[in-house]
Amino acid sequence: MGKLTRRALLGTAAVGAFGLAAYGGGRVACSFVPRNHPDFFSLLDIPPDGAVARRIGEGALAEASLSSDFDGLAAAMKLRPLIAEAVATDCPTTRRQLVQDQCAADFAEGRCVVIDGWVLSETEASLCAAKLLRPSLI
Amino acid sequence: MIFDLQSGETPKEITGDVCVVGTGPAGVTLALELARKGRSVVLLEGGGEAYEESSQALYEGAVIGHGHIDVAASRLRQFGGTSGHWTGLCAPLDALDFETRADIPHHGWPITRADLDPFYARAHPYLDLGPYRYDWEDWRSIVPFPALPLDPTKILTDVYQQSPPTRFAEKFMETVRADPKIACWTHANLVDVTLADGGDVVTSVAVRTLDGRATTVKAKTYVIACGGIENARILLNARKQRPAGLGNEHDLVGRFYTDHMTIETSMLLFRDDVDTRLYPTSLKYDGAEILMGLKVHPDVVKARNLNNNSAFLVADYGDAVYSDDFRNYGWVAFSTMLKTFSRGHVPDRFAERTCDVVDDLGSVATGVYRHALRRVLPEKPAQAFRLRQDAEQAPNPDSRVTLTADTDPFGLQRIALDWRVTNEDLLRLRRTHQFIGEQVGAAGLGRLQLGVSDPPDPDIAYSGYHHMGTTRMHADPRQGVVDADCRVHSTKNLYMAGSSVFTTGGCANPTLTITALAIRLAEHLAVSA
Ligand SMILES: Cc1cc2nc3c(=O)[nH]c(=O)nc-3n(C[C@H](O)[C@H](O)[C@H](O)COP(=O)(O)OP(=O)(O)OC[C@H]3O[C@@H](n4cnc5c(N)ncnc54)[C@H](O)[C@@H]3O)c2cc1C
């Protein structure tokens, strides 16, 4: 394992760390903001760029329990209620929080993977994988 | 009273109600408790009142299994025994440790935690511990820092207590000397045990000094309390009347050697706003020094086929000022002397401590500098932690103490220690850490990176210097050397004291249990001996 900074790891692993206050406040604030409905691709900005997220993405693609193509990953993730909600939300703060909550739910329900030694939720691992596979012509 | 077998006239025979061999925590506690109950005790100590190289050399032996262990330096052969070395971390074994487990062969004692609770409470003053309270619920209203908000049906906040650490020689030597019911003989090495002809009653033990004197001790009852390795060695060497060794009719003496795998690995990273102040250092409240760790709930341990474990959080400070890596013998000696001087006393073992400080002057200087800086710099809590544990091993008959052809000056065969660290034990620890990581993730607190690889690398495991299991307790003589009263199954009046009787090692450091068992044994012998 290479040397990883705590910041990069936390950023990758926790996929954004905002508290409940930010979540609540963010939802209220976002309800006043006019927007276009985003789609699954908006979630791909959540994992940070960089070597760690990349390695996790590669590890996730090698995981038998996860889909290894973009469409399969996107479809599987959209089946998760909080991800479905996140996809339909256009406030980035709320989106992040929903993804984070989905990660916690994954852990609680045993949907976890170990990649590069990290104990991760399937959601965050899948997001890193999807980011790697992001089709270039979109 | 304390006599030196190496000076004055050698008595032909020494007699008493109970002969206790060994003056470590097990032997001294037992002798004091028995004396308090009016029994006359002959207390034998192979070493002197202080350290002597010739005595210590009797502990030398071979390491033939896992290499991160030592059989001589990890024990002390003098009055007070290895309590002269220990670092004082204490906790009782868990109820789970005593249970028979369908998923782990050979697990389970013939007694329960509830049987030991009253004796644990009585053991606390011997070890200068606080109130007998190890449930986080008993402390949460007293300690001003919160526990991590983890699901309590999955992860518990574990409480350990810190002994100063009590040195039995310092604390009890004068008490023993003043006690008319105790005749303690130093330089008195037990070298053989004699049974009545064809029988199962010990009639005497042979005692010798390194300068060639010999005597015999006769008592109604005998207790061997020479430490987890030496207890087995003595029984295996006593082959005059029992060819396989005393108590070894079922080839169990020396087997099931277990230790705690001291491992510091896996990294927990918390969100910046997570309050972790409860964990990295010990805290002093209510007359106790307590240290908190994370323990997987026993129901989960059983359901997931894990070993028991308590993980302590070792802060990984980005800034070296907050690191305690300067703590070594020199620093401990320095801080002890400082505390004693500040109370207006001259520290005991002054010369020894001063030399420790001189040897480790660099660390002491670093420690002083960092402590000074911490007073002026703003407090900066760590958010990254390594997990440090004394991890349990499952009972393993192949992990064992045997005898070698090499002999000591008494002609007793020395030991070979074949400590096994199995992949299964390490993988159980990996799964334990993984579970902690999942729970930390579920609570949204952070993430864990596993440090135990799969397949595991045994080199991460070091001995906790907790030598256990070699004369294990079991109701069935085919599965254990001693019964629930610590009596060697195949004898009427020979008992074992110390961690050699542990059937499972759990993850708690052993000395509190050793002391509790000694008090319990004294209760038993006061009635039966
Ligand atoms: C570095 C270190 C740190 C430790 N830290 C901790 C800790 O934090 N917490 C914890 O619970 N435990 C700790 N321990 C373990 C602890 O020291 C032992 O559990 C404890 O001392 C065992 O007590 P005992 O009386 O059974 O054996 P011992 O203390 O080993 O005493 C055995 C006695 O028997 C005597 N003896 C041996 N052979 C003979 C003979 N043939 N004839 C006569 N006398 C004999 C010896 O001289 C000695 O006095 C630590 C150990 C070490 C080495």
# chains A, B, ... in the order shown; residues from 1 in each chain; ligands from 1

call {"tool": "interface_residues", "arguments": {"of": "chain A", "to": "chain B", "cutoff": "6 Å", "atoms": "only C-alpha atoms", "output": "compact mmCIF listing (two decimals) with all heavy atoms, in the first residue's frame"}}
result
# COMPACT_ATOMS: atom_id res chain seq x y z
N ALA A 104 -23.77 4.68 5.05
CA ALA A 104 -23.99 4.21 6.42
C ALA A 104 -25.00 3.06 6.42
O ALA A 104 -24.82 2.05 7.13
CB ALA A 104 -24.47 5.36 7.30
N PHE A 107 -23.36 -0.13 5.34
CA PHE A 107 -22.59 -0.73 6.45
C PHE A 107 -23.53 -1.46 7.41
O PHE A 107 -23.27 -2.60 7.80
CB PHE A 107 -21.83 0.35 7.22
CG PHE A 107 -20.52 0.75 6.59
CD1 PHE A 107 -20.31 2.05 6.16
CD2 PHE A 107 -19.49 -0.17 6.44
CE1 PHE A 107 -19.11 2.44 5.60
CE2 PHE A 107 -18.28 0.21 5.87
CZ PHE A 107 -18.08 1.51 5.45
N ALA A 108 -24.60 -0.77 7.78
CA ALA A 108 -25.52 -1.35 8.76
C ALA A 108 -26.14 -2.64 8.23
O ALA A 108 -26.43 -3.56 9.00
CB ALA A 108 -26.60 -0.35 9.13
N GLY A 117 -7.42 -2.88 1.66
CA GLY A 117 -7.44 -2.88 3.13
C GLY A 117 -8.55 -2.04 3.72
O GLY A 117 -8.89 -2.21 4.88
N TRP A 118 -9.16 -1.15 2.93
CA TRP A 118 -10.21 -0.29 3.47
C TRP A 118 -11.53 -1.03 3.57
O TRP A 118 -11.93 -1.72 2.62
CB TRP A 118 -10.39 0.96 2.60
CG TRP A 118 -9.26 1.91 2.77
CD1 TRP A 118 -8.17 2.04 1.97
CD2 TRP A 118 -9.08 2.81 3.86
NE1 TRP A 118 -7.32 2.96 2.49
CE2 TRP A 118 -7.85 3.47 3.65
CE3 TRP A 118 -9.83 3.13 4.99
CZ2 TRP A 118 -7.36 4.41 4.53
CZ3 TRP A 118 -9.34 4.09 5.86
CH2 TRP A 118 -8.13 4.72 5.63
N VAL A 119 -12.18 -0.89 4.70
CA VAL A 119 -13.52 -1.47 4.86
C VAL A 119 -14.49 -0.40 4.37
O VAL A 119 -14.63 0.66 4.98
CB VAL A 119 -13.80 -1.81 6.34
CG1 VAL A 119 -15.18 -2.43 6.50
CG2 VAL A 119 -12.72 -2.76 6.88

call {"tool": "residues_near_ligand", "arguments": {"ligand": "ligand 1", "cutoff": "7 Å", "atoms": "only C-alpha atoms and all ligand atoms", "output": "PyMOL selection string"}}
result
chain B and resi 21-27+44-47+74-83+85-90+188-191+225-228+230+234+465-466+497-499+509-512+514

call {"tool": "select_by_dssp", "arguments": {"residues": "region 22-226 of chain B", "states": "alpha helix (DSSP H)", "output": "count of residues only"}}
result
45

call {"tool": "closest_residue", "arguments": {"among": "B:Trp136, B:Tyr160, B:Phe341, B:Phe256", "to": "Leu93 (chain B)", "atoms": "only C-alpha atoms"}}
result
B:Tyr160
